[in-house]
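One structure is given here, and the rest of the page talks about it.
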Number of protein chains: 2
Amino acid sequence: MSNKKQRYHHGHLSESLLQAVNDIASQFGIEAVTLRGCAKHVGVSPAAAFRHFQDKRALLTAFATRALNQLADTLAATEEAARSANHDSFHAVGMAYISFALENPALFRAMWREETIYSRDEDYLAAAERLVGYLKEGFAGTIEDEDPNDFSPHEMLAWSSVHGMANLFVDGPIASQMQQEQKIQLAESVLSELKSTCNSQ
Amino acid sequence: MSNKKQRYHHGHLSESLLQAVNDIASQFGIEAVTLRGCAKHVGVSPAAAFRHFQDKRALLTAFATRALNQLADTLAATEEAARSANHDSFHAVGMAYISFALENPALFRAMWREETIYSRDEDYLAAAERLVGYLKEGFAGTIEDEDPNDFSPHEMLAWSSVHGMANLFVDGPIASQMQQEQKIQLAESVLSELKSTCNSQ
DNA sequence: ATCTATATGTAAACAATGTTCACATCCAAT
DNA sequence: ATTGGATGTGAACATTGTTTACATATAGAT
């Protein structure tokens with residue numbers, strides 16, 4: 001971080017800028033992310049960012065896209081692991097979703113904020129579609145699926161309750177009043193309730 | 001709006017500023033809310049706002065507080081109406097929550113955004129506690145309640161799924177891809193699933 | 001190797017925003 | 001009527017996003 005300071009060209013600027021967003025957002029929240037701040041964090045002039053992103057909004061869109069993909073990766077890996085270990089993969093996927101939000105609140109917040117991103121961006125839509133795909137396919141294949149192209153009430157119930165808990169644990173009155181451990185325990189028991197409902201048919 | 005323009009003192013500035021936030025947020029989104037914009041909307045100098053709110057953040061906190069109270073009012077009224085009409089009040093309260101979000105996305109977004117408000121503000125906490133209270137009391141009294149001071153898995157399941165749907169309908173890939181009507185129908189059927197789960201004991 | 005087109009970076013400037021400060025105006029209690 | 005506190009104004013400032021004109025590096029053709 002000290003010897004290659006003299007280079008006029010950075011080399012991986014767009015990648016580094018996204019990393020900067022991640023660092024700053026993780027430490028101070030997304031609201032604290034500033035274009036100039038990211039540029040300084042990377043050691044580059046503010047204007048340089050505009051060679052790689054049309055906008056601040058475009059930068060945040062790319063960040064949200066990456067966050068979506070990370071979450072989708074996590075879910076996929078979790079399901080695979082649980083399946084091959086013969087564990088309850090519905091439970092595992094649900095908990096993975098919630099844990100991701102708890103461990104990366106900044107990422108989780110970023111990926112859903114319609115107003116601060118270009119939600120019609122091609123890459124963003126693709127990433128979103130990938131995540132939604134998992135869920136439409138029966139909550140990543142862990143519950144029975146009637147139609148892989150649409151949400152059944154069961155699928156929607158599963159996703160929305162997990163998504164709702166994740167949101168409530170990150171933003172809301174519960175967020176600051178409950179310990180991490182409590183949240184996880186509550187999530188576990190809610191998922192148990194859910195499982196019986198969603199597998200009942 | 002035209003004859004009382006000459007007064008030096010506004011009279012109800014803090015109230016009017018909140019109204020301005022509402023107007024602008026409803027029309028252009030919360031991200032578009034600007035202190036100067038609100039001041040101009042009210043016909044007052046930017047600095048005047050600081051006599052009534054310490055911060056932009058304090059203004060948004062007051063706005064979020066009001067939104068929380070509005071939602072709580074709506075839920076209370078809905079429950080009362082459904083109860084006296086002998087309707088399914090669980091269903092009614094759940095749908096009211098979701099409808100509120102669909103009809104007032106700006107309000108709904110504002111009330112949960114920890115990063116843009118003072119979430120430790122006294123009034124905000126009171127409003128949040130009031131809403132949470134409804135839910136801790138058995139989802140506004142519509143499901144059985146084991147402990148009014150804590151969330152049972154049933155209560156958490158009910159709230160989180162409703163909250164999750166509201167969020168997904170307002171921010172997220174579904175938001176733009178589904179019609180209002182579809183969202184409501186999906187919500188209805190999810191709530192039907194939920195009811196059997198939450199009342200089963 | 002040289003030249004040149006293009007990609008990538010810089011510095012300086014601008015408008016908009018949040019915020020503060022010194023001052024103006026009004027209201028209300030003496 | 002006077003005066004003190006509440007409320008509003010205008011000018012200023014730092015910060016931010018963004019643009020523009022210019023500088024430098026890199027890659028491919030010659």
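By order in the structure tokens, chains are A, B, ...; within a chain, residues start at 1; ligands start at 1, following the order shown.
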
Env of Pro105 (chain A): 12 Å cut, atoms = only C-alpha atoms (C1' of nucleotides), seq-sep filter 4 positions within chain, self excluded. Answer as a PDB file with N, CA, C and O atoms, in the first residue's frame.
```
ATOM      1  N   ASN A  22     -16.921  -0.758  -0.026  1.00  0.00           N
ATOM      2  CA  ASN A  22     -17.132  -1.819   0.955  1.00  0.00           C
ATOM      3  C   ASN A  22     -16.513  -1.441   2.302  1.00  0.00           C
ATOM      4  O   ASN A  22     -17.170  -1.531   3.345  1.00  0.00           O
ATOM      5  N   ALA A  25     -18.395   1.670   3.804  1.00  0.00           N
ATOM      6  CA  ALA A  25     -19.767   1.327   4.176  1.00  0.00           C
ATOM      7  C   ALA A  25     -19.786   0.387   5.375  1.00  0.00           C
ATOM      8  O   ALA A  25     -20.625   0.515   6.269  1.00  0.00           O
ATOM      9  N   SER A  26     -18.858  -0.551   5.407  1.00  0.00           N
ATOM     10  CA  SER A  26     -18.839  -1.495   6.515  1.00  0.00           C
ATOM     11  C   SER A  26     -18.509  -0.795   7.822  1.00  0.00           C
ATOM     12  O   SER A  26     -19.035  -1.146   8.875  1.00  0.00           O
ATOM     13  N   GLN A  27     -17.651   0.200   7.736  1.00  0.00           N
ATOM     14  CA  GLN A  27     -17.207   0.842   8.966  1.00  0.00           C
ATOM     15  C   GLN A  27     -18.130   1.981   9.396  1.00  0.00           C
ATOM     16  O   GLN A  27     -18.375   2.152  10.595  1.00  0.00           O
ATOM     17  N   PHE A  28     -18.619   2.761   8.437  1.00  0.00           N
ATOM     18  CA  PHE A  28     -19.381   3.956   8.807  1.00  0.00           C
ATOM     19  C   PHE A  28     -20.797   3.984   8.243  1.00  0.00           C
ATOM     20  O   PHE A  28     -21.523   4.956   8.473  1.00  0.00           O
ATOM     21  N   GLY A  29     -21.180   2.977   7.504  1.00  0.00           N
ATOM     22  CA  GLY A  29     -22.519   2.969   6.926  1.00  0.00           C
ATOM     23  C   GLY A  29     -22.533   3.515   5.508  1.00  0.00           C
ATOM     24  O   GLY A  29     -21.654   4.275   5.114  1.00  0.00           O
ATOM     25  N   ILE A  30     -23.543   3.137   4.762  1.00  0.00           N
ATOM     26  CA  ILE A  30     -23.609   3.545   3.356  1.00  0.00           C
ATOM     27  C   ILE A  30     -23.780   5.031   3.215  1.00  0.00           C
ATOM     28  O   ILE A  30     -23.275   5.642   2.282  1.00  0.00           O
ATOM     29  N   ALA A  67     -23.003  -7.191  -4.069  1.00  0.00           N
ATOM     30  CA  ALA A  67     -23.568  -7.688  -2.822  1.00  0.00           C
ATOM     31  C   ALA A  67     -24.613  -8.769  -3.102  1.00  0.00           C
ATOM     32  O   ALA A  67     -24.623  -9.819  -2.451  1.00  0.00           O
ATOM     33  N   LEU A  71     -24.452 -12.674  -1.861  1.00  0.00           N
ATOM     34  CA  LEU A  71     -25.509 -13.355  -1.113  1.00  0.00           C
ATOM     35  C   LEU A  71     -25.947 -14.623  -1.843  1.00  0.00           C
ATOM     36  O   LEU A  71     -26.091 -15.695  -1.233  1.00  0.00           O
ATOM     37  N   TYR A  97     -29.247 -16.648   4.967  1.00  0.00           N
ATOM     38  CA  TYR A  97     -29.770 -15.354   4.511  1.00  0.00           C
ATOM     39  C   TYR A  97     -29.707 -14.343   5.650  1.00  0.00           C
ATOM     40  O   TYR A  97     -29.212 -13.224   5.507  1.00  0.00           O
ATOM     41  N   ILE A  98     -30.198 -14.761   6.798  1.00  0.00           N
ATOM     42  CA  ILE A  98     -30.251 -13.857   7.945  1.00  0.00           C
ATOM     43  C   ILE A  98     -28.852 -13.548   8.464  1.00  0.00           C
ATOM     44  O   ILE A  98     -28.526 -12.399   8.789  1.00  0.00           O
ATOM     45  N   SER A  99     -28.013 -14.548   8.507  1.00  0.00           N
ATOM     46  CA  SER A  99     -26.646 -14.325   8.984  1.00  0.00           C
ATOM     47  C   SER A  99     -25.904 -13.363   8.082  1.00  0.00           C
ATOM     48  O   SER A  99     -25.138 -12.511   8.562  1.00  0.00           O
ATOM     49  N   PHE A 100     -26.141 -13.501   6.785  1.00  0.00           N
ATOM     50  CA  PHE A 100     -25.483 -12.579   5.856  1.00  0.00           C
ATOM     51  C   PHE A 100     -25.846 -11.147   6.202  1.00  0.00           C
ATOM     52  O   PHE A 100     -24.992 -10.262   6.255  1.00  0.00           O
ATOM     53  N   ALA A 101     -27.121 -10.908   6.459  1.00  0.00           N
ATOM     54  CA  ALA A 101     -27.558  -9.556   6.801  1.00  0.00           C
ATOM     55  C   ALA A 101     -26.930  -9.098   8.115  1.00  0.00           C
ATOM     56  O   ALA A 101     -26.489  -7.954   8.241  1.00  0.00           O
ATOM     57  N   ARG A 109     -28.058  -3.671   3.302  1.00  0.00           N
ATOM     58  CA  ARG A 109     -28.831  -2.446   3.057  1.00  0.00           C
ATOM     59  C   ARG A 109     -28.667  -1.978   1.632  1.00  0.00           C
ATOM     60  O   ARG A 109     -29.631  -1.586   0.969  1.00  0.00           O
ATOM     61  N   ALA A 110     -27.440  -2.024   1.159  1.00  0.00           N
ATOM     62  CA  ALA A 110     -27.147  -1.451  -0.155  1.00  0.00           C
ATOM     63  C   ALA A 110     -27.928  -2.130  -1.268  1.00  0.00           C
ATOM     64  O   ALA A 110     -28.370  -1.482  -2.212  1.00  0.00           O
ATOM     65  N   MET A 111     -28.109  -3.425  -1.148  1.00  0.00           N
ATOM     66  CA  MET A 111     -28.613  -4.134  -2.326  1.00  0.00           C
ATOM     67  C   MET A 111     -30.081  -3.916  -2.607  1.00  0.00           C
ATOM     68  O   MET A 111     -30.550  -4.232  -3.693  1.00  0.00           O
ATOM     69  N   TRP A 112     -30.818  -3.362  -1.657  1.00  0.00           N
ATOM     70  CA  TRP A 112     -32.246  -3.205  -1.887  1.00  0.00           C
ATOM     71  C   TRP A 112     -32.681  -1.763  -2.052  1.00  0.00           C
ATOM     72  O   TRP A 112     -33.869  -1.494  -2.203  1.00  0.00           O
ATOM     73  N   ALA A 166     -34.481 -10.404   8.554  1.00  0.00           N
ATOM     74  CA  ALA A 166     -33.188  -9.794   8.251  1.00  0.00           C
ATOM     75  C   ALA A 166     -33.296  -8.277   8.340  1.00  0.00           C
ATOM     76  O   ALA A 166     -32.465  -7.612   8.963  1.00  0.00           O
ATOM     77  N   ASN A 167     -34.343  -7.719   7.755  1.00  0.00           N
ATOM     78  CA  ASN A 167     -34.520  -6.273   7.802  1.00  0.00           C
ATOM     79  C   ASN A 167     -34.750  -5.778   9.222  1.00  0.00           C
ATOM     80  O   ASN A 167     -34.155  -4.781   9.642  1.00  0.00           O
ATOM     81  N   LEU A 168     -35.599  -6.453   9.945  1.00  0.00           N
ATOM     82  CA  LEU A 168     -35.901  -6.003  11.309  1.00  0.00           C
ATOM     83  C   LEU A 168     -34.672  -6.092  12.203  1.00  0.00           C
ATOM     84  O   LEU A 168     -34.511  -5.287  13.123  1.00  0.00           O
ATOM     85  N   PHE A 169     -33.824  -7.053  11.926  1.00  0.00           N
ATOM     86  CA  PHE A 169     -32.622  -7.211  12.746  1.00  0.00           C
ATOM     87  C   PHE A 169     -31.573  -6.167  12.410  1.00  0.00           C
ATOM     88  O   PHE A 169     -30.660  -5.923  13.198  1.00  0.00           O
ATOM     89  N   VAL A 170     -31.689  -5.591  11.239  1.00  0.00           N
ATOM     90  CA  VAL A 170     -30.665  -4.651  10.792  1.00  0.00           C
ATOM     91  C   VAL A 170     -31.146  -3.208  10.933  1.00  0.00           C
ATOM     92  O   VAL A 170     -30.390  -2.336  11.356  1.00  0.00           O
ATOM     93  N   ASP A 171     -32.381  -2.958  10.546  1.00  0.00           N
ATOM     94  CA  ASP A 171     -32.969  -1.623  10.639  1.00  0.00           C
ATOM     95  C   ASP A 171     -34.281  -1.716  11.389  1.00  0.00           C
ATOM     96  O   ASP A 171     -35.215  -2.360  10.931  1.00  0.00           O
ATOM     97  N   ALA A 175     -33.472  -3.980  16.241  1.00  0.00           N
ATOM     98  CA  ALA A 175     -32.061  -4.068  15.888  1.00  0.00           C
ATOM     99  C   ALA A 175     -31.157  -3.704  17.061  1.00  0.00           C
ATOM    100  O   ALA A 175     -30.189  -4.405  17.348  1.00  0.00           O
TER     101      ALA A 175
ATOM    102  N   GLU B 114     -32.250   3.462   9.820  1.00  0.00           N
ATOM    103  CA  GLU B 114     -31.413   3.781  10.975  1.00  0.00           C
ATOM    104  C   GLU B 114     -30.346   4.820  10.645  1.00  0.00           C
ATOM    105  O   GLU B 114     -30.040   5.684  11.460  1.00  0.00           O
ATOM    106  N   GLU B 115     -29.795   4.711   9.457  1.00  0.00           N
ATOM    107  CA  GLU B 115     -28.629   5.533   9.162  1.00  0.00           C
ATOM    108  C   GLU B 115     -28.964   6.995   8.893  1.00  0.00           C
ATOM    109  O   GLU B 115     -28.081   7.845   8.953  1.00  0.00           O
TER     110      GLU B 115
END
```

Quick one: everything within 12 Å of DA28 (chain C), counting only C-alpha atoms (C1' of nucleotides), minus sequence neighbours fewer than 3 positions away in the same chain. Send it as a PDB file with N, CA and C atoms (P, O5', C5', C4', C3', O3' and C1' of nucleotides), in the first residue's frame.
```
ATOM      1  P    DT D   2     -40.558  53.528  24.805  1.00  0.00           P
ATOM      2  O5'  DT D   2     -40.237  52.152  25.535  1.00  0.00           O
ATOM      3  C5'  DT D   2     -40.404  52.085  26.941  1.00  0.00           C
ATOM      4  C4'  DT D   2     -39.642  50.911  27.512  1.00  0.00           C
ATOM      5  C3'  DT D   2     -38.401  50.490  26.754  1.00  0.00           C
ATOM      6  O3'  DT D   2     -37.455  50.020  27.700  1.00  0.00           O
ATOM      7  C1'  DT D   2     -39.952  48.709  26.752  1.00  0.00           C
ATOM      8  P    DT D   3     -35.962  49.664  27.336  1.00  0.00           P
ATOM      9  O5'  DT D   3     -35.894  48.084  27.540  1.00  0.00           O
ATOM     10  C5'  DT D   3     -36.568  47.496  28.658  1.00  0.00           C
ATOM     11  C4'  DT D   3     -36.701  46.002  28.426  1.00  0.00           C
ATOM     12  C3'  DT D   3     -35.527  45.361  27.674  1.00  0.00           C
ATOM     13  O3'  DT D   3     -35.293  44.094  28.222  1.00  0.00           O
ATOM     14  C1'  DT D   3     -37.495  44.877  26.554  1.00  0.00           C
ATOM     15  P    DG D   4     -33.850  43.528  28.471  1.00  0.00           P
ATOM     16  O5'  DG D   4     -34.096  41.952  28.390  1.00  0.00           O
ATOM     17  C5'  DG D   4     -35.124  41.367  29.189  1.00  0.00           C
ATOM     18  C4'  DG D   4     -35.674  40.145  28.492  1.00  0.00           C
ATOM     19  C3'  DG D   4     -34.605  39.262  27.826  1.00  0.00           C
ATOM     20  O3'  DG D   4     -35.005  37.912  27.989  1.00  0.00           O
ATOM     21  C1'  DG D   4     -36.147  39.959  26.210  1.00  0.00           C
ATOM     22  P    DG D   5     -33.978  36.762  27.879  1.00  0.00           P
ATOM     23  O5'  DG D   5     -34.842  35.679  27.080  1.00  0.00           O
ATOM     24  C5'  DG D   5     -36.217  35.508  27.403  1.00  0.00           C
ATOM     25  C4'  DG D   5     -36.981  35.029  26.176  1.00  0.00           C
ATOM     26  C3'  DG D   5     -36.251  33.955  25.364  1.00  0.00           C
ATOM     27  O3'  DG D   5     -37.218  32.996  24.955  1.00  0.00           O
ATOM     28  C1'  DG D   5     -36.788  35.750  23.969  1.00  0.00           C
ATOM     29  P    DA D   6     -36.741  31.603  24.438  1.00  0.00           P
ATOM     30  O5'  DA D   6     -37.609  31.458  23.109  1.00  0.00           O
ATOM     31  C5'  DA D   6     -38.975  31.824  23.135  1.00  0.00           C
ATOM     32  C4'  DA D   6     -39.431  32.243  21.751  1.00  0.00           C
ATOM     33  C3'  DA D   6     -39.035  31.261  20.640  1.00  0.00           C
ATOM     34  O3'  DA D   6     -40.188  31.013  19.859  1.00  0.00           O
ATOM     35  C1'  DA D   6     -38.385  33.432  20.043  1.00  0.00           C
TER      36       DA D   6
END
```

Hey, which bits of region 43-100 of chain B sit within 12 Å of region 16-25 of chain C, and for each residue what's the closest pair of atoms and how far apart in Å (one decimal), counting only C-alpha atoms (C1' of nucleotides), rows by chain and increasing number, as a tab-separated table?
```
residue	atom	partner	partner_atom	distance
B:Pro46	CA	C:DG18	C1'	9.5
B:Ala47	CA	C:DT19	C1'	8.2
B:Ala48	CA	C:DT19	C1'	11.4
B:Ala49	CA	C:DT19	C1'	10.8
B:Phe50	CA	C:DT19	C1'	8.8
B:Phe53	CA	C:DT19	C1'	12.0
B:Gln54	CA	C:DT19	C1'	10.0
B:Asp55	CA	C:DG18	C1'	8.5
B:Lys56	CA	C:DG18	C1'	7.7
B:Arg57	CA	C:DG18	C1'	10.4
```

Near chain C, meaning an atom within 8 Å, which residues of chain B appear when counting only C-alpha atoms (C1' of nucleotides)? Write them as a PyMOL selection string.
chain B and resi 8-9+34-36+56

Selection above as a file: all heavy atoms, as a CSV table (one decimal), in the first residue's frame:
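The result, stored in again.csv:
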```
chain,number,residue,atom,x,y,z
B,8,TYR,N,-43.6,37.9,8.4
B,8,TYR,CA,-42.2,37.6,8.7
B,8,TYR,C,-42.1,36.3,9.5
B,8,TYR,O,-41.3,35.4,9.2
B,8,TYR,CB,-41.6,38.7,9.6
B,8,TYR,CG,-40.2,38.6,9.8
B,8,TYR,CD1,-39.3,39.2,9.0
B,8,TYR,CD2,-39.6,37.9,10.9
B,8,TYR,CE1,-37.9,39.2,9.2
B,8,TYR,CE2,-38.3,37.9,11.1
B,8,TYR,CZ,-37.4,38.5,10.3
B,8,TYR,OH,-36.1,38.4,10.5
B,9,HIS,N,-43.1,36.1,10.4
B,9,HIS,CA,-43.1,34.8,11.1
B,9,HIS,C,-44.1,33.9,10.5
B,9,HIS,O,-45.2,34.3,10.1
B,9,HIS,CB,-43.4,35.0,12.6
B,9,HIS,CG,-42.3,35.5,13.4
B,9,HIS,ND1,-42.1,36.9,13.6
B,9,HIS,CD2,-41.2,34.9,13.9
B,9,HIS,CE1,-41.0,37.0,14.3
B,9,HIS,NE2,-40.4,35.8,14.5
B,34,THR,N,-34.4,17.6,0.6
B,34,THR,CA,-33.3,18.5,0.8
B,34,THR,C,-33.8,19.6,1.8
B,34,THR,O,-34.9,20.1,1.6
B,34,THR,CB,-32.8,19.0,-0.5
B,34,THR,OG1,-31.5,19.6,-0.2
B,34,THR,CG2,-33.6,20.1,-1.0
B,35,LEU,N,-33.0,20.0,2.7
B,35,LEU,CA,-33.4,21.0,3.6
B,35,LEU,C,-33.7,22.3,2.9
B,35,LEU,O,-34.8,22.9,3.2
B,35,LEU,CB,-32.2,21.3,4.6
B,35,LEU,CG,-32.5,20.9,6.0
B,35,LEU,CD1,-31.3,21.2,6.9
B,35,LEU,CD2,-33.7,21.6,6.5
B,36,ARG,N,-32.9,22.7,2.0
B,36,ARG,CA,-33.2,23.9,1.3
B,36,ARG,C,-34.5,23.8,0.5
B,36,ARG,O,-35.2,24.7,0.3
B,36,ARG,CB,-32.0,24.2,0.4
B,36,ARG,CG,-30.7,24.5,1.1
B,36,ARG,CD,-29.6,24.8,0.2
B,36,ARG,NE,-29.3,26.3,0.1
B,36,ARG,CZ,-28.2,26.8,0.7
B,36,ARG,NH1,-27.3,26.1,1.4
B,36,ARG,NH2,-28.0,28.1,0.6
B,56,LYS,N,-30.7,18.3,9.7
B,56,LYS,CA,-31.5,17.6,8.7
B,56,LYS,C,-31.9,16.2,9.2
B,56,LYS,O,-33.1,15.8,9.1
B,56,LYS,CB,-30.7,17.4,7.4
B,56,LYS,CG,-31.5,16.7,6.3
B,56,LYS,CD,-30.7,16.4,5.1
B,56,LYS,CE,-31.6,15.7,4.0
B,56,LYS,NZ,-30.8,15.3,2.9
```

Per residue of chain D within 10 Å of chain B, note the shortest atom pair and the distance in Å to one decimal, counting only C-alpha atoms (C1' of nucleotides), and order the rows by chain and increasing residue number, as a tab-separated table.
```
residue	atom	partner	partner_atom	distance
D:DA6	C1'	B:Arg51	CA	9.1
D:DT7	C1'	B:His9	CA	6.5
D:DG8	C1'	B:Ala48	CA	5.8
D:DT9	C1'	B:Ser45	CA	6.7
D:DG10	C1'	B:Ser45	CA	8.8
```

From A:Ile184, A:Ala32, A:Leu157, A:Ala62, residue lying nearest chain B [only C-alpha atoms]:
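The answer is A:Leu157, which sits nearest to chain B.
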